[in-house]
Amino acid sequence: MWGIPSKHLLLLSLLLFILLSYTHYPSAETTTHDAPLMEDDLNATVTLMEGQLPLIISVPHGSLQLPATMPNRTSGQLIADAYTISVGHQLSHLLQQHYNAAPYVVILNVARRKVDVNRPLDQACESPQTRRVWEHYHDVLQKTVDTVKKKYGHGLLLDIHGQAHKEGMVELGYLLTSDTLRSKTDDSKLVQHSSLRSLASRLETPDTLLRGNGSLGYAMMKGDDSVQVVPSPAHPAPRKESLYFFGGYTTERYHTTLDVIQVETPKALRFSKEGRKLLSNRLAQGTIFMLDQYYLSDKSKL
């Protein structure tokens, strides 16, 4: 062929094959992960259930959905808070039965392995798509918080999570560390630095809000100690050697507008149908106490 020896043609073909082999083409995975998230897909990542109570239930870590278009995170907490969506729904249902009115519910439908919406944005995700998911979740939650604030003047946000700490307690997070809860005894001052500071400012005697007989922990354990809660009158602070989650990004961000409590539910209760029912009933009892005591003085707004 054009006078080129066959051995040269063979070498030329081999060289061309090598060059083509090392030419970079975007992989299907790379192309998918770089593709923009369609609006319908983005909207499907968050469920909003409208309510008629000054209460929001948020569930950021319960989903097991792993969209192939979103890369996995490579660091941080990656495991789902299993069954917390079920707990959130059961709690909402019990409150609706009691009040004939529903709380607002905001649920993330993407697994924490993809995005962690209870972390600041720079720690929450590792791709443009999951950044948009984070932004969309907090856009929905922020608008819901603003709606409750505008309609009722004040309200409560319960951020539902799960943990597997050996103590098996429900941990209520008020942005106060375990050391602070153990070392500080003047709760009338302590509550002013908590995620209930807005509520505290409306009360003449707010010293029972964190672990006294005006607290969520007290109300959850009242008449039935089958679910242990910290902080509460029975457990004023976590033990020194115990793990305790005192509140994350959601609590920090929204407590200046509404009162916020991070509710860390134990694995021992979440992983059985009977346990979830018991947990939801205790949460409902406590939440009804809080709403009646502090947020529903004017029930004509329901």
# chains A, B, ... in the order shown; residues from 1 in each chain; ligands from 1
call {"tool": "residues_around", "arguments": {"residues": "A:Val263", "least_positions_apart": "2", "cutoff": "6 Å", "atoms": "only C-alpha atoms", "output": "JSON, numbers by chain"}}
result
{"A": [159, 160, 161, 172]}
call {"tool": "write_last_selection", "arguments": {"atoms": "N, CA and C atoms", "output": "tab-separated table (two decimals), in the first residue's frame"}}
result
chain	number	residue	atom	x	y	z
A	159	ASP	N	-36.48	18.12	65.08
A	159	ASP	CA	-35.61	17.54	64.06
A	159	ASP	C	-35.31	16.10	64.46
A	160	ILE	N	-35.90	15.14	63.76
A	160	ILE	CA	-35.87	13.74	64.17
A	160	ILE	C	-34.65	13.02	63.61
A	161	HIS	N	-33.89	12.39	64.49
A	161	HIS	CA	-32.68	11.65	64.12
A	161	HIS	C	-32.67	10.28	64.80
A	172	LEU	N	-32.34	14.61	73.77
A	172	LEU	CA	-32.90	15.87	73.31
A	172	LEU	C	-31.78	16.91	73.25
call {"tool": "select_by_dssp", "arguments": {"residues": "stretch 90-138 of chain A", "states": "strand (DSSP E or B)", "output": "PyMOL selection string"}}
result
chain A and resi 104-108
call {"tool": "closest_residue", "arguments": {"among": "A:Met221, A:Leu156, A:Leu78, A:Leu291", "to": "A:Val260", "atoms": "only C-alpha atoms"}}
result
A:Leu156
call {"tool": "closest_residue", "arguments": {"among": "A:Ala111, A:Ile261, A:Ala284, A:Leu181", "to": "A:Ala124", "atoms": "only C-alpha atoms"}}
result
A:Ala111
call {"tool": "closest_residue", "arguments": {"among": "A:Val148, A:Val229, A:Ile85, A:Leu108", "to": "A:Pro54", "atoms": "only C-alpha atoms"}}
result
A:Val148
call {"tool": "closest_residue", "arguments": {"among": "A:Thr130, A:Ser198, A:Asn118, A:Ser58", "to": "A:Pro71", "atoms": "only C-alpha atoms"}}
result
A:Thr130
call {"tool": "residues_around", "arguments": {"residues": "A:Thr250", "least_positions_apart": "4", "cutoff": "9 Å", "atoms": "only C-alpha atoms", "output": "MDAnalysis selection string"}}
result
chainID A and resid 117:120 138 159 254:255 260 262
call {"tool": "select_by_dssp", "arguments": {"residues": "stretch 26-186 of chain A", "states": "alpha helix (DSSP H)", "output": "PyMOL selection string"}}
result
chain A and resi 28-34+39-43+84-99+121-124+128-152+178-183
call {"tool": "residues_around", "arguments": {"residues": "A:Leu141", "least_positions_apart": "3", "cutoff": "10 Å", "atoms": "only C-alpha atoms", "output": "PyMOL selection string"}}
result
chain A and resi 46+48+56-58+104-107+135-138+144-147+250+254
call {"tool": "atom_distance", "arguments": {"atom1": "atom CA of A:Ala44", "atom2": "atom CA of A:His61"}}
result
15.5 Å
call {"tool": "atom_distance", "arguments": {"atom1": "atom CA of A:Ser183", "atom2": "atom CA of A:Glu171"}}
result
17.8 Å
call {"tool": "residues_around", "arguments": {"residues": "A:Met290", "least_positions_apart": "2", "cutoff": "10 Å", "atoms": "only C-alpha atoms", "output": "PDB file with N, CA and C atoms, in the first residue's frame"}}
result
ATOM      1  N   LEU A 156     -42.554  25.462  67.129  1.00  0.00           N
ATOM      2  CA  LEU A 156     -41.568  24.461  67.535  1.00  0.00           C
ATOM      3  C   LEU A 156     -41.177  23.610  66.339  1.00  0.00           C
ATOM      4  N   LEU A 209     -37.689  24.496  81.530  1.00  0.00           N
ATOM      5  CA  LEU A 209     -37.831  24.136  80.112  1.00  0.00           C
ATOM      6  C   LEU A 209     -36.883  23.035  79.661  1.00  0.00           C
ATOM      7  N   GLY A 214     -41.416  21.344  83.157  1.00  0.00           N
ATOM      8  CA  GLY A 214     -41.959  22.051  82.001  1.00  0.00           C
ATOM      9  C   GLY A 214     -41.270  21.657  80.714  1.00  0.00           C
ATOM     10  N   SER A 215     -40.533  20.556  80.753  1.00  0.00           N
ATOM     11  CA  SER A 215     -39.685  20.165  79.617  1.00  0.00           C
ATOM     12  C   SER A 215     -40.298  19.035  78.805  1.00  0.00           C
ATOM     13  N   LEU A 216     -39.813  18.895  77.577  1.00  0.00           N
ATOM     14  CA  LEU A 216     -40.230  17.781  76.724  1.00  0.00           C
ATOM     15  C   LEU A 216     -39.830  16.453  77.346  1.00  0.00           C
ATOM     16  N   ALA A 219     -42.299  15.498  80.042  1.00  0.00           N
ATOM     17  CA  ALA A 219     -43.606  15.094  79.510  1.00  0.00           C
ATOM     18  C   ALA A 219     -43.553  13.734  78.836  1.00  0.00           C
ATOM     19  N   ALA A 284     -45.414  11.764  71.046  1.00  0.00           N
ATOM     20  CA  ALA A 284     -46.684  12.473  70.886  1.00  0.00           C
ATOM     21  C   ALA A 284     -47.154  13.047  72.214  1.00  0.00           C
ATOM     22  N   GLN A 285     -47.045  12.262  73.281  1.00  0.00           N
ATOM     23  CA  GLN A 285     -47.450  12.764  74.600  1.00  0.00           C
ATOM     24  C   GLN A 285     -46.638  14.001  74.973  1.00  0.00           C
ATOM     25  N   GLY A 286     -45.333  13.932  74.746  1.00  0.00           N
ATOM     26  CA  GLY A 286     -44.480  15.069  75.071  1.00  0.00           C
ATOM     27  C   GLY A 286     -44.756  16.280  74.203  1.00  0.00           C
ATOM     28  N   THR A 287     -44.993  16.035  72.925  1.00  0.00           N
ATOM     29  CA  THR A 287     -45.232  17.144  71.997  1.00  0.00           C
ATOM     30  C   THR A 287     -46.563  17.824  72.286  1.00  0.00           C
ATOM     31  N   ILE A 288     -47.579  17.051  72.601  1.00  0.00           N
ATOM     32  CA  ILE A 288     -48.883  17.623  72.961  1.00  0.00           C
ATOM     33  C   ILE A 288     -48.746  18.505  74.202  1.00  0.00           C
ATOM     34  N   ASP A 292     -49.614  22.463  73.987  1.00  0.00           N
ATOM     35  CA  ASP A 292     -50.673  23.005  74.840  1.00  0.00           C
ATOM     36  C   ASP A 292     -50.130  24.020  75.841  1.00  0.00           C
ATOM     37  N   GLN A 293     -48.939  23.755  76.333  1.00  0.00           N
ATOM     38  CA  GLN A 293     -48.367  24.603  77.378  1.00  0.00           C
ATOM     39  C   GLN A 293     -47.840  25.926  76.831  1.00  0.00           C
ATOM     40  N   TYR A 294     -47.246  25.891  75.632  1.00  0.00           N
ATOM     41  CA  TYR A 294     -46.474  27.050  75.187  1.00  0.00           C
ATOM     42  C   TYR A 294     -46.878  27.640  73.833  1.00  0.00           C
ATOM     43  N   TYR A 295     -47.609  26.913  73.013  1.00  0.00           N
ATOM     44  CA  TYR A 295     -47.789  27.354  71.625  1.00  0.00           C
ATOM     45  C   TYR A 295     -49.241  27.473  71.169  1.00  0.00           C
ATOM     46  N   LEU A 296     -50.180  26.925  71.913  1.00  0.00           N
ATOM     47  CA  LEU A 296     -51.571  26.898  71.452  1.00  0.00           C
ATOM     48  C   LEU A 296     -52.506  27.615  72.418  1.00  0.00           C
TER      49      LEU A 296
END
call {"tool": "closest_residue", "arguments": {"among": "A:Leu157, A:Ala82, A:Val230, A:Leu94", "to": "A:Phe271", "atoms": "only C-alpha atoms"}}
result
A:Ala82
call {"tool": "residues_around", "arguments": {"residues": "stretch 184-195 of chain A", "least_positions_apart": "2", "cutoff": "7 Å", "atoms": "only C-alpha atoms", "output": "VMD selection string"}}
result
chain A and resid 174 to 176 180 to 182 197 200 206 to 207 210 251 255 259 to 261
call {"tool": "atom_distance", "arguments": {"atom1": "atom CA of A:Leu91", "atom2": "atom CA of A:Asn281"}}
result
7.2 Å
